[in-house]
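Here's the structure we're looking at; comments come further down.
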2 protein chains.
Amino acid sequence: MTSIRDIALKSGLSIATVSRYINASGYVSSEAASRIESVIKAEGYIPNQHAKALFNKASRTIGLVFPSLVNPFFAQMSTILGNAVQAAGFSTILCFTEDRAGQEREALDLLKGYRVEGMVICRAINKTLIDQLNFPVVSFETSISPRVVTVRSDNYRGGRMAFEHLYERGCRRLLHLKGPTAFQATQDRCRGFLDAARDRGLQVDVREAANDYALNQNVPNELANIQFDQYDGLFVFNDINCLTTVNHLQRQGFRIPADIKVVGFDNSYLTQFVEPHLTTIEQPVKDISMACFQHLIRLIGGGTVTENEVVVPVNLIKRDTT
Amino acid sequence: MTSIRDIALKSGLSIATVSRYINASGYVSSEAASRIESVIKAEGYIPNQHAKALFNKASRTIGLVFPSLVNPFFAQMSTILGNAVQAAGFSTILCFTEDRAGQEREALDLLKGYRVEGMVICRAINKTLIDQLNFPVVSFETSISPRVVTVRSDNYRGGRMAFEHLYERGCRRLLHLKGPTAFQATQDRCRGFLDAARDRGLQVDVREAANDYALNQNVPNELANIQFDQYDGLFVFNDINCLTTVNHLQRQGFRIPADIKVVGFDNSYLTQFVEPHLTTIEQPVKDISMACFQHLIRLIGGGTVTENEVVVPVNLIKRDTT
């Protein structure tokens, strides 16, 4: 591959001059610049990003940390974020945590090693470590500290909306399938649902799912242990689990919405693949992704963010399961 | 952040010695090594990956290039690949092409700039550019050149299997919804389907979808223009489009499988969210992802790959839509 040395040789200039030009790190005469530029074009030279990162002390690299991309909400979010990062001239280092503290720590070390200029992290676990990072961080869902910007949906309000909608539809025997306790977002959804029920003087049942993903082999067993015929309304903490539950109910002979009404959460693209189409609480994935991106870019550019917490409104999307 | 200079100062050794130790680039006495190691631990020093990449001439970075992660097959593949890459001590630079040649070219330039040690690229477009890259490449789906390893499912055979299965189920008026002509994989599926039909002396209809993704707003319009009541069997080029089609049919009052039998392609996790569960041709996403990863790692390690093309067998998964 063509090196900076080759460019210097072919343009008849010193390596120092060529380096100053490529890294925009000092004065180069316009005559020298145009000679270098034409050699670069002819040779198809692409500057070494590692050298640029070292000499400019700016890696132009952003870390994206996700639990996994199996949940379609995260798949959509990573695509929107990745495209925005690319368009802004940064590159993306992608890391997965699988919701494990140890794997997240390794991801953080890796991103530190790359001297990333910023990071968006979803469902973060190691709050103290993240609070100590010396680059800008935007956290999706988990509140880290007053120093770190958090972007999240109004999960509490979403939980309230789910209850109110089921209540208005006449449901009085309600079950909430809640997400794992470790996830702040699904805790907030649960709290909203329970508070709204209490306001109406209604007792509701809660069951906790062990896992976020419908791919978990245990989900069918967990569902088989629930007596769904006790209930006429059901709120499930995210769409992907909700669809698994809806399918389980249909296979048991339940008619939806006649026998039991169902509300999900996310409004991922899955909701309209199923019959009946799923009523759900929408977290607007574009708004969320762009809020994360724009706050991060502002912080990387040295700007300040006045609000430490960005709460994105959610919407009830009424479809056919209620 | 702690620098190599700080480590040298605190361990009472020269920068050159510390650098040799950190980059494993030369002799360091065991006494010096243990002094450096204890300072590194005490200071929480993490080596600069850019410096390591430059001085070791090895970036320990792999590029992953996907059209997008909206298709759940690619979301699953990127998670499996990303985890394998992480576990092998490499980091992942993620790029999206959105199936556009220009965006793919930018991604290739970015990866060249990072001096990645290898790349897995899905549904590649710029074959000549990719053939000229000076690092190992594994291409998923697109055949690049005899020099570049391609991993793909046996799409042709999958197309044949889809036809044979529908034929055995008694379907004689068949429609194939094929993928965009630009995608080699869906072309092969179509060819297999048509060849199998010809072998049975049957004429089948073919309609081409403009886009790979069900999120495309035009899909419902495209479907509305098809007279599905002419057909008793349908093969759709991938699951995500197949589910959109199945839902369209159900909304039109078609009973599946009584009125029309349907086969998809991928066996993504979506197939079991819908009622009836989707009969599909499985491309084993784990096998495919690990074949890509293992071939790439072998090539990066200086090994050779005797087979230029790795064809992963597909399987008919019979469910309820046939």
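Following the order of the structure tokens, chains are lettered A, B, ..., residues in each are numbered from 1, and ligands are numbered from 1.
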
Region 61-285 of chain B: residues DSSP assigns to strand (DSSP E), reported as a PyMOL selection string:
chain B and resi 61-66+91-96+118-122+137-140+149-153+174-178+205-208+233-236+261-266+279-282

Output C-alpha atoms for every residue in the selection just made, as a CSV table (one decimal), in the first residue's frame.
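Saved result, result.csv, follows:
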```csv
chain,number,residue,atom,x,y,z
B,61,THR,CA,-9.5,-4.5,13.7
B,62,ILE,CA,-12.0,-6.2,11.4
B,63,GLY,CA,-14.5,-4.5,9.2
B,64,LEU,CA,-18.1,-5.7,9.0
B,65,VAL,CA,-20.1,-4.3,6.1
B,66,PHE,CA,-23.9,-4.9,6.0
B,91,SER,CA,-12.5,-5.1,17.4
B,92,THR,CA,-15.2,-4.5,14.9
B,93,ILE,CA,-15.7,-1.5,12.7
B,94,LEU,CA,-19.3,-1.5,11.4
B,95,CYS,CA,-20.4,0.0,8.1
B,96,PHE,CA,-23.7,0.2,6.3
B,118,GLY,CA,-9.8,-8.3,7.3
B,119,MET,CA,-13.4,-7.8,6.3
B,120,VAL,CA,-16.7,-9.6,6.0
B,121,ILE,CA,-18.9,-7.9,3.5
B,122,CYS,CA,-22.5,-8.8,2.8
B,137,VAL,CA,-12.0,-10.5,2.5
B,138,VAL,CA,-14.9,-13.0,3.0
B,139,SER,CA,-17.9,-12.1,0.9
B,140,PHE,CA,-21.3,-13.3,2.0
B,149,VAL,CA,-13.7,-16.5,-0.5
B,150,THR,CA,-17.5,-16.4,-0.9
B,151,VAL,CA,-19.8,-17.9,1.7
B,152,ARG,CA,-23.4,-18.4,0.7
B,153,SER,CA,-26.4,-20.6,1.2
B,174,LEU,CA,-47.7,-21.0,-8.6
B,175,LEU,CA,-46.3,-17.5,-8.1
B,176,HIS,CA,-42.8,-16.6,-7.0
B,177,LEU,CA,-42.2,-13.2,-5.5
B,178,LYS,CA,-38.6,-12.7,-6.3
B,205,ASP,CA,-45.5,-16.7,-12.7
B,206,VAL,CA,-42.8,-14.4,-11.3
B,207,ARG,CA,-43.1,-10.9,-9.8
B,208,GLU,CA,-40.1,-8.9,-8.7
B,233,GLY,CA,-49.1,-21.7,-4.0
B,234,LEU,CA,-46.6,-18.8,-3.3
B,235,PHE,CA,-42.8,-18.7,-2.7
B,236,VAL,CA,-41.5,-15.4,-1.4
B,261,LYS,CA,-50.0,-22.3,0.5
B,262,VAL,CA,-46.9,-20.1,1.3
B,263,VAL,CA,-43.1,-20.8,1.6
B,264,GLY,CA,-40.6,-18.1,2.8
B,265,PHE,CA,-36.8,-18.1,2.9
B,266,ASP,CA,-34.3,-17.6,5.8
B,279,THR,CA,-43.0,-22.8,6.3
B,280,THR,CA,-39.6,-21.7,5.1
B,281,ILE,CA,-36.2,-22.6,3.7
B,282,GLU,CA,-33.7,-22.3,6.5
```

Just list as a tab-separated table (two decimals) with N, CA and C atoms, in the first residue's frame whatever in region 53-237 of chain B DSSP marks as alpha helix (DSSP H).
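Output (out_34.tsv):
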```tsv
chain	number	residue	atom	x	y	z
B	53	ALA	N	-1.45	-0.20	16.54
B	53	ALA	CA	-1.70	-0.50	15.13
B	53	ALA	C	-0.56	0.01	14.27
B	54	LEU	N	-0.09	1.23	14.57
B	54	LEU	CA	0.99	1.81	13.77
B	54	LEU	C	2.30	1.08	13.97
B	55	PHE	N	2.70	0.87	15.25
B	55	PHE	CA	4.03	0.34	15.50
B	55	PHE	C	4.12	-1.15	15.24
B	56	ASN	N	3.00	-1.87	15.47
B	56	ASN	CA	3.01	-3.31	15.20
B	56	ASN	C	2.59	-3.61	13.77
B	72	PRO	N	-33.91	-9.05	9.91
B	72	PRO	CA	-33.47	-9.76	11.12
B	72	PRO	C	-32.38	-10.80	10.86
B	73	PHE	N	-32.29	-11.29	9.62
B	73	PHE	CA	-31.21	-12.22	9.31
B	73	PHE	C	-29.86	-11.52	9.50
B	74	PHE	N	-29.72	-10.31	8.98
B	74	PHE	CA	-28.47	-9.56	9.13
B	74	PHE	C	-28.25	-9.13	10.58
B	75	ALA	N	-29.34	-8.83	11.31
B	75	ALA	CA	-29.19	-8.45	12.72
B	75	ALA	C	-28.62	-9.63	13.50
B	76	GLN	N	-29.14	-10.84	13.23
B	76	GLN	CA	-28.62	-12.02	13.93
B	76	GLN	C	-27.17	-12.28	13.52
B	77	MET	N	-26.90	-12.18	12.21
B	77	MET	CA	-25.56	-12.45	11.70
B	77	MET	C	-24.54	-11.47	12.30
B	78	SER	N	-24.90	-10.20	12.39
B	78	SER	CA	-23.94	-9.21	12.90
B	78	SER	C	-23.67	-9.44	14.39
B	79	THR	N	-24.68	-9.90	15.13
B	79	THR	CA	-24.48	-10.17	16.55
B	79	THR	C	-23.56	-11.37	16.74
B	80	ILE	N	-23.80	-12.44	15.98
B	80	ILE	CA	-22.96	-13.64	16.10
B	80	ILE	C	-21.52	-13.32	15.68
B	81	LEU	N	-21.37	-12.63	14.53
B	81	LEU	CA	-20.04	-12.27	14.03
B	81	LEU	C	-19.32	-11.32	15.00
B	82	GLY	N	-20.05	-10.30	15.46
B	82	GLY	CA	-19.45	-9.30	16.34
B	82	GLY	C	-18.95	-9.93	17.63
B	83	ASN	N	-19.73	-10.85	18.19
B	83	ASN	CA	-19.31	-11.53	19.41
B	83	ASN	C	-18.09	-12.41	19.17
B	84	ALA	N	-18.05	-13.10	18.03
B	84	ALA	CA	-16.92	-13.97	17.72
B	84	ALA	C	-15.65	-13.13	17.54
B	85	VAL	N	-15.78	-12.01	16.85
B	85	VAL	CA	-14.65	-11.13	16.59
B	85	VAL	C	-14.11	-10.58	17.92
B	86	GLN	N	-15.04	-10.14	18.80
B	86	GLN	CA	-14.66	-9.62	20.12
B	86	GLN	C	-13.93	-10.70	20.92
B	87	ALA	N	-14.48	-11.91	20.92
B	87	ALA	CA	-13.89	-13.00	21.70
B	87	ALA	C	-12.50	-13.37	21.19
B	101	ALA	N	-24.00	1.58	-4.15
B	101	ALA	CA	-22.60	1.44	-4.56
B	101	ALA	C	-21.73	2.54	-3.95
B	102	GLY	N	-22.23	3.78	-3.96
B	102	GLY	CA	-21.43	4.90	-3.46
B	102	GLY	C	-21.16	4.78	-1.97
B	103	GLN	N	-22.19	4.40	-1.22
B	103	GLN	CA	-22.02	4.26	0.22
B	103	GLN	C	-21.07	3.10	0.53
B	104	GLU	N	-21.12	2.05	-0.29
B	104	GLU	CA	-20.20	0.94	-0.09
B	104	GLU	C	-18.75	1.37	-0.36
B	105	ARG	N	-18.54	2.19	-1.42
B	105	ARG	CA	-17.19	2.69	-1.71
B	105	ARG	C	-16.64	3.49	-0.53
B	106	GLU	N	-17.48	4.34	0.06
B	106	GLU	CA	-17.05	5.12	1.23
B	106	GLU	C	-16.66	4.20	2.38
B	107	ALA	N	-17.46	3.14	2.56
B	107	ALA	CA	-17.17	2.19	3.64
B	107	ALA	C	-15.81	1.53	3.40
B	108	LEU	N	-15.53	1.15	2.15
B	108	LEU	CA	-14.25	0.50	1.84
B	108	LEU	C	-13.09	1.44	2.12
B	109	ASP	N	-13.24	2.72	1.73
B	109	ASP	CA	-12.18	3.71	2.00
B	109	ASP	C	-11.95	3.86	3.50
B	110	LEU	N	-13.05	3.89	4.24
B	110	LEU	CA	-12.94	4.02	5.69
B	110	LEU	C	-12.16	2.84	6.27
B	111	LEU	N	-12.50	1.63	5.82
B	111	LEU	CA	-11.83	0.44	6.36
B	111	LEU	C	-10.36	0.41	5.94
B	112	LYS	N	-10.07	0.88	4.72
B	112	LYS	CA	-8.67	0.97	4.29
B	112	LYS	C	-7.93	1.94	5.21
B	113	GLY	N	-8.58	3.07	5.51
B	113	GLY	CA	-7.96	4.06	6.38
B	113	GLY	C	-7.63	3.48	7.74
B	127	LYS	N	-17.41	-5.04	-7.11
B	127	LYS	CA	-16.58	-6.24	-7.12
B	127	LYS	C	-15.11	-5.94	-7.44
B	128	THR	N	-14.87	-5.07	-8.43
B	128	THR	CA	-13.49	-4.80	-8.84
B	128	THR	C	-12.70	-4.17	-7.69
B	129	LEU	N	-13.30	-3.19	-7.05
B	129	LEU	CA	-12.64	-2.54	-5.91
B	129	LEU	C	-12.31	-3.55	-4.82
B	130	ILE	N	-13.27	-4.43	-4.54
B	130	ILE	CA	-13.08	-5.40	-3.45
B	130	ILE	C	-11.99	-6.40	-3.82
B	131	ASP	N	-11.95	-6.77	-5.09
B	131	ASP	CA	-10.93	-7.72	-5.54
B	131	ASP	C	-9.52	-7.16	-5.38
B	155	ASN	N	-28.65	-21.36	-2.36
B	155	ASN	CA	-29.89	-20.67	-2.72
B	155	ASN	C	-30.63	-21.36	-3.86
B	156	TYR	N	-29.86	-21.83	-4.85
B	156	TYR	CA	-30.47	-22.49	-5.99
B	156	TYR	C	-31.26	-23.72	-5.52
B	157	ARG	N	-30.59	-24.52	-4.69
B	157	ARG	CA	-31.25	-25.71	-4.18
B	157	ARG	C	-32.46	-25.34	-3.30
B	158	GLY	N	-32.35	-24.25	-2.55
B	158	GLY	CA	-33.47	-23.77	-1.73
B	158	GLY	C	-34.67	-23.44	-2.60
B	159	GLY	N	-34.43	-22.80	-3.74
B	159	GLY	CA	-35.51	-22.48	-4.68
B	159	GLY	C	-36.17	-23.75	-5.19
B	160	ARG	N	-35.35	-24.75	-5.52
B	160	ARG	CA	-35.89	-26.04	-5.98
B	160	ARG	C	-36.74	-26.70	-4.88
B	161	MET	N	-36.22	-26.66	-3.65
B	161	MET	CA	-36.94	-27.28	-2.52
B	161	MET	C	-38.31	-26.62	-2.32
B	162	ALA	N	-38.33	-25.29	-2.44
B	162	ALA	CA	-39.58	-24.56	-2.25
B	162	ALA	C	-40.60	-25.03	-3.29
B	163	PHE	N	-40.15	-25.14	-4.56
B	163	PHE	CA	-41.07	-25.60	-5.59
B	163	PHE	C	-41.55	-27.01	-5.31
B	164	GLU	N	-40.61	-27.90	-5.04
B	164	GLU	CA	-40.96	-29.31	-4.85
B	164	GLU	C	-41.97	-29.49	-3.71
B	165	HIS	N	-41.75	-28.72	-2.64
B	165	HIS	CA	-42.64	-28.83	-1.49
B	165	HIS	C	-44.06	-28.36	-1.85
B	166	LEU	N	-44.17	-27.23	-2.53
B	166	LEU	CA	-45.49	-26.72	-2.92
B	166	LEU	C	-46.15	-27.70	-3.90
B	167	TYR	N	-45.35	-28.26	-4.81
B	167	TYR	CA	-45.87	-29.20	-5.80
B	167	TYR	C	-46.42	-30.45	-5.11
B	168	GLU	N	-45.64	-30.96	-4.16
B	168	GLU	CA	-46.09	-32.15	-3.42
B	168	GLU	C	-47.36	-31.90	-2.64
B	184	GLN	N	-27.60	-11.38	-5.99
B	184	GLN	CA	-27.28	-12.69	-6.55
B	184	GLN	C	-28.04	-13.82	-5.85
B	185	ALA	N	-28.15	-13.72	-4.53
B	185	ALA	CA	-28.77	-14.81	-3.76
B	185	ALA	C	-30.22	-15.01	-4.19
B	186	THR	N	-30.97	-13.93	-4.30
B	186	THR	CA	-32.39	-14.10	-4.62
B	186	THR	C	-32.57	-14.46	-6.08
B	187	GLN	N	-31.61	-14.08	-6.94
B	187	GLN	CA	-31.63	-14.56	-8.33
B	187	GLN	C	-31.50	-16.08	-8.37
B	188	ASP	N	-30.57	-16.60	-7.56
B	188	ASP	CA	-30.34	-18.05	-7.53
B	188	ASP	C	-31.58	-18.79	-7.02
B	189	ARG	N	-32.23	-18.20	-6.01
B	189	ARG	CA	-33.45	-18.83	-5.50
B	189	ARG	C	-34.50	-18.92	-6.61
B	190	CYS	N	-34.61	-17.84	-7.35
B	190	CYS	CA	-35.59	-17.78	-8.45
B	190	CYS	C	-35.26	-18.82	-9.51
B	191	ARG	N	-33.99	-18.90	-9.88
B	191	ARG	CA	-33.55	-19.84	-10.91
B	191	ARG	C	-33.88	-21.28	-10.49
B	192	GLY	N	-33.60	-21.60	-9.23
B	192	GLY	CA	-33.90	-22.95	-8.73
B	192	GLY	C	-35.38	-23.25	-8.82
B	193	PHE	N	-36.19	-22.28	-8.42
B	193	PHE	CA	-37.65	-22.46	-8.45
B	193	PHE	C	-38.13	-22.70	-9.88
B	194	LEU	N	-37.62	-21.89	-10.81
B	194	LEU	CA	-38.06	-22.00	-12.21
B	194	LEU	C	-37.58	-23.29	-12.85
B	195	ASP	N	-36.34	-23.69	-12.56
B	195	ASP	CA	-35.81	-24.94	-13.13
B	195	ASP	C	-36.63	-26.13	-12.65
B	196	ALA	N	-36.95	-26.15	-11.36
B	196	ALA	CA	-37.72	-27.27	-10.81
B	196	ALA	C	-39.11	-27.31	-11.45
B	197	ALA	N	-39.70	-26.13	-11.68
B	197	ALA	CA	-41.02	-26.08	-12.31
B	197	ALA	C	-40.93	-26.62	-13.74
B	198	ARG	N	-39.89	-26.23	-14.48
B	198	ARG	CA	-39.70	-26.67	-15.85
B	198	ARG	C	-39.55	-28.19	-15.89
B	199	ASP	N	-38.79	-28.73	-14.92
B	199	ASP	CA	-38.61	-30.18	-14.86
B	199	ASP	C	-39.95	-30.91	-14.71
B	219	VAL	N	-44.30	-1.56	-0.50
B	219	VAL	CA	-44.64	-2.98	-0.52
B	219	VAL	C	-46.16	-3.21	-0.57
B	220	PRO	N	-46.93	-2.54	0.29
B	220	PRO	CA	-48.37	-2.78	0.24
B	220	PRO	C	-48.97	-2.48	-1.15
B	221	ASN	N	-48.47	-1.41	-1.81
B	221	ASN	CA	-48.98	-1.10	-3.15
B	221	ASN	C	-48.61	-2.19	-4.16
B	222	GLU	N	-47.36	-2.65	-4.07
B	222	GLU	CA	-46.94	-3.72	-4.97
B	222	GLU	C	-47.85	-4.94	-4.81
B	223	LEU	N	-48.13	-5.28	-3.55
B	223	LEU	CA	-48.95	-6.46	-3.28
B	223	LEU	C	-50.38	-6.26	-3.77
B	224	ALA	N	-50.90	-5.03	-3.61
B	224	ALA	CA	-52.28	-4.76	-4.00
B	224	ALA	C	-52.49	-4.97	-5.50
```

Counting only C-alpha atoms, what is within 7 Å of region 26-37 of chain A, bar same-chain residues fewer than 4 positions away, as a PyMOL selection string?
chain A and resi 7+11+17-18+20-21+41

Expected file contents, prior selection, N, CA, C and O atoms, as a PDB file, in the first residue's frame:
```pdb
ATOM      1  N   ILE A   7       4.535   9.129  -1.077  1.00  0.00           N
ATOM      2  CA  ILE A   7       3.949  10.404  -1.516  1.00  0.00           C
ATOM      3  C   ILE A   7       5.030  11.494  -1.494  1.00  0.00           C
ATOM      4  O   ILE A   7       5.146  12.297  -2.432  1.00  0.00           O
ATOM      5  N   SER A  11       6.356  13.408  -4.818  1.00  0.00           N
ATOM      6  CA  SER A  11       6.042  14.829  -4.966  1.00  0.00           C
ATOM      7  C   SER A  11       7.299  15.678  -4.781  1.00  0.00           C
ATOM      8  O   SER A  11       7.251  16.900  -4.931  1.00  0.00           O
ATOM      9  N   THR A  17       6.595  17.724   5.433  1.00  0.00           N
ATOM     10  CA  THR A  17       5.650  18.588   4.712  1.00  0.00           C
ATOM     11  C   THR A  17       4.385  17.818   4.352  1.00  0.00           C
ATOM     12  O   THR A  17       3.260  18.293   4.560  1.00  0.00           O
ATOM     13  N   VAL A  18       4.589  16.615   3.804  1.00  0.00           N
ATOM     14  CA  VAL A  18       3.440  15.804   3.395  1.00  0.00           C
ATOM     15  C   VAL A  18       2.580  15.485   4.628  1.00  0.00           C
ATOM     16  O   VAL A  18       1.349  15.562   4.582  1.00  0.00           O
ATOM     17  N   ARG A  20       2.322  17.273   7.385  1.00  0.00           N
ATOM     18  CA  ARG A  20       1.596  18.494   7.790  1.00  0.00           C
ATOM     19  C   ARG A  20       0.349  18.679   6.940  1.00  0.00           C
ATOM     20  O   ARG A  20      -0.718  19.019   7.437  1.00  0.00           O
ATOM     21  N   TYR A  21       0.503  18.408   5.624  1.00  0.00           N
ATOM     22  CA  TYR A  21      -0.639  18.579   4.724  1.00  0.00           C
ATOM     23  C   TYR A  21      -1.753  17.571   5.052  1.00  0.00           C
ATOM     24  O   TYR A  21      -2.910  17.945   5.234  1.00  0.00           O
ATOM     25  N   LYS A  41      -3.922  11.528  -5.469  1.00  0.00           N
ATOM     26  CA  LYS A  41      -4.962  11.043  -6.395  1.00  0.00           C
ATOM     27  C   LYS A  41      -4.418   9.953  -7.293  1.00  0.00           C
ATOM     28  O   LYS A  41      -5.032   8.909  -7.469  1.00  0.00           O
TER      29      LYS A  41
END
```

What does the distance between CA of Asp239 (chain A) and CA of Ile226 (chain A) come to in Å, to one decimal place?
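Computed distance, CA of Asp239 (chain A) to CA of Ile226 (chain A), equals 18.6 Å.
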
Name the residues in contact with Leu270 (chain B) at a cut-off of 10 Å, using only C-alpha atoms, excluding same-chain residues fewer than 5 positions from it; report them as a PyMOL selection string.
(chain A and resi 214-215+240+243-244+270+273-274) or (chain B and resi 72-73+239-240+243+277-278)

Residues from last step as file, N, CA, C and O atoms, as a tab-separated table (two decimals), in the first residue's frame:
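Output file result-v8.tsv follows:
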```
chain	number	residue	atom	x	y	z
A	214	ALA	N	-37.19	-13.01	22.81
A	214	ALA	CA	-38.10	-14.11	22.52
A	214	ALA	C	-37.33	-15.35	22.10
A	214	ALA	O	-37.88	-16.44	22.06
A	215	LEU	N	-36.03	-15.19	21.77
A	215	LEU	CA	-35.26	-16.34	21.31
A	215	LEU	C	-34.90	-17.25	22.47
A	215	LEU	O	-34.47	-18.38	22.27
A	240	ILE	N	-41.34	-7.72	21.18
A	240	ILE	CA	-40.83	-9.02	20.76
A	240	ILE	C	-41.35	-10.10	21.71
A	240	ILE	O	-41.79	-11.18	21.29
A	243	LEU	N	-45.25	-10.54	21.12
A	243	LEU	CA	-45.66	-11.35	19.98
A	243	LEU	C	-45.56	-12.84	20.30
A	243	LEU	O	-46.41	-13.63	19.90
A	244	THR	N	-44.53	-13.19	21.05
A	244	THR	CA	-44.41	-14.59	21.48
A	244	THR	C	-45.61	-14.96	22.35
A	244	THR	O	-46.18	-16.04	22.21
A	270	LEU	N	-42.28	-5.21	13.86
A	270	LEU	CA	-42.91	-6.53	14.00
A	270	LEU	C	-44.42	-6.44	14.21
A	270	LEU	O	-45.14	-7.38	13.88
A	273	PHE	N	-46.80	-7.46	11.42
A	273	PHE	CA	-46.65	-8.74	10.75
A	273	PHE	C	-47.70	-9.73	11.23
A	273	PHE	O	-47.92	-10.76	10.62
A	274	VAL	N	-48.23	-9.46	12.42
A	274	VAL	CA	-49.08	-10.46	13.04
A	274	VAL	C	-50.55	-10.10	12.85
A	274	VAL	O	-50.90	-8.95	12.64
B	72	PRO	N	-33.91	-9.05	9.91
B	72	PRO	CA	-33.47	-9.76	11.12
B	72	PRO	C	-32.38	-10.80	10.86
B	72	PRO	O	-31.63	-11.14	11.77
B	73	PHE	N	-32.29	-11.29	9.62
B	73	PHE	CA	-31.21	-12.22	9.31
B	73	PHE	C	-29.86	-11.52	9.50
B	73	PHE	O	-28.94	-12.07	10.12
B	239	ASP	N	-38.09	-14.13	4.41
B	239	ASP	CA	-39.14	-14.21	5.43
B	239	ASP	C	-39.78	-12.86	5.71
B	239	ASP	O	-40.99	-12.77	5.90
B	240	ILE	N	-38.97	-11.82	5.75
B	240	ILE	CA	-39.52	-10.53	6.17
B	240	ILE	C	-40.55	-10.06	5.15
B	240	ILE	O	-41.63	-9.58	5.50
B	243	LEU	N	-43.74	-12.42	5.39
B	243	LEU	CA	-44.68	-12.13	6.46
B	243	LEU	C	-45.60	-10.96	6.10
B	243	LEU	O	-46.78	-10.97	6.42
B	277	HIS	N	-47.76	-20.44	11.69
B	277	HIS	CA	-46.29	-20.39	11.61
B	277	HIS	C	-45.85	-20.66	10.18
B	277	HIS	O	-46.43	-21.48	9.47
B	278	LEU	N	-44.77	-19.98	9.79
B	278	LEU	CA	-44.35	-19.95	8.39
B	278	LEU	C	-43.49	-21.15	8.01
B	278	LEU	O	-42.46	-21.43	8.64
```

Please provide as a PyMOL selection string all residues within 12 Å of Arg298 (chain A), with the sequence filter that same-chain residues fewer than 4 positions apart are discarded (counting only C-alpha atoms).
chain A and resi 88+117-118+136-138+149+290-294+302-306

Output C-alpha atoms for every residue in that selection, as a PDB file, in the first residue's frame.
```
ATOM      1  CA  ALA A  88     -20.861  12.960   9.969  1.00  0.00           C
ATOM      2  CA  GLU A 117     -14.216  10.559  20.809  1.00  0.00           C
ATOM      3  CA  GLY A 118     -17.568   9.548  22.222  1.00  0.00           C
ATOM      4  CA  PRO A 136     -18.488  12.199  26.093  1.00  0.00           C
ATOM      5  CA  VAL A 137     -21.105   9.544  26.703  1.00  0.00           C
ATOM      6  CA  VAL A 138     -24.787   9.407  25.881  1.00  0.00           C
ATOM      7  CA  VAL A 149     -26.642  12.650  29.393  1.00  0.00           C
ATOM      8  CA  MET A 290     -31.207  11.141  16.532  1.00  0.00           C
ATOM      9  CA  ALA A 291     -31.429  12.595  20.066  1.00  0.00           C
ATOM     10  CA  CYS A 292     -28.542  10.306  21.082  1.00  0.00           C
ATOM     11  CA  PHE A 293     -26.541  11.224  17.989  1.00  0.00           C
ATOM     12  CA  GLN A 294     -27.100  14.983  18.190  1.00  0.00           C
ATOM     13  CA  GLY A 302     -17.016  20.934  22.856  1.00  0.00           C
ATOM     14  CA  GLY A 303     -20.581  22.161  23.258  1.00  0.00           C
ATOM     15  CA  THR A 304     -22.567  21.765  26.426  1.00  0.00           C
ATOM     16  CA  VAL A 305     -25.889  20.092  26.997  1.00  0.00           C
ATOM     17  CA  THR A 306     -28.069  21.888  29.504  1.00  0.00           C
TER      18      THR A 306
END
```

Given only C-alpha atoms as the basis, pick out the residue of B:Asn315, B:Asn48, B:Thr181, B:Gln272 nearest to chain A.
B:Asn48

Two-atom distance - CA of Asp232 (chain B), CA of Glu275 (chain A) (Å):
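Between CA of Asp232 (chain B) and CA of Glu275 (chain A) the gap works out to 20.8 Å.
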
One number please: CA of His295 (chain B) to CA of Val116 (chain A), in Å, one decimal.
28.9 Å
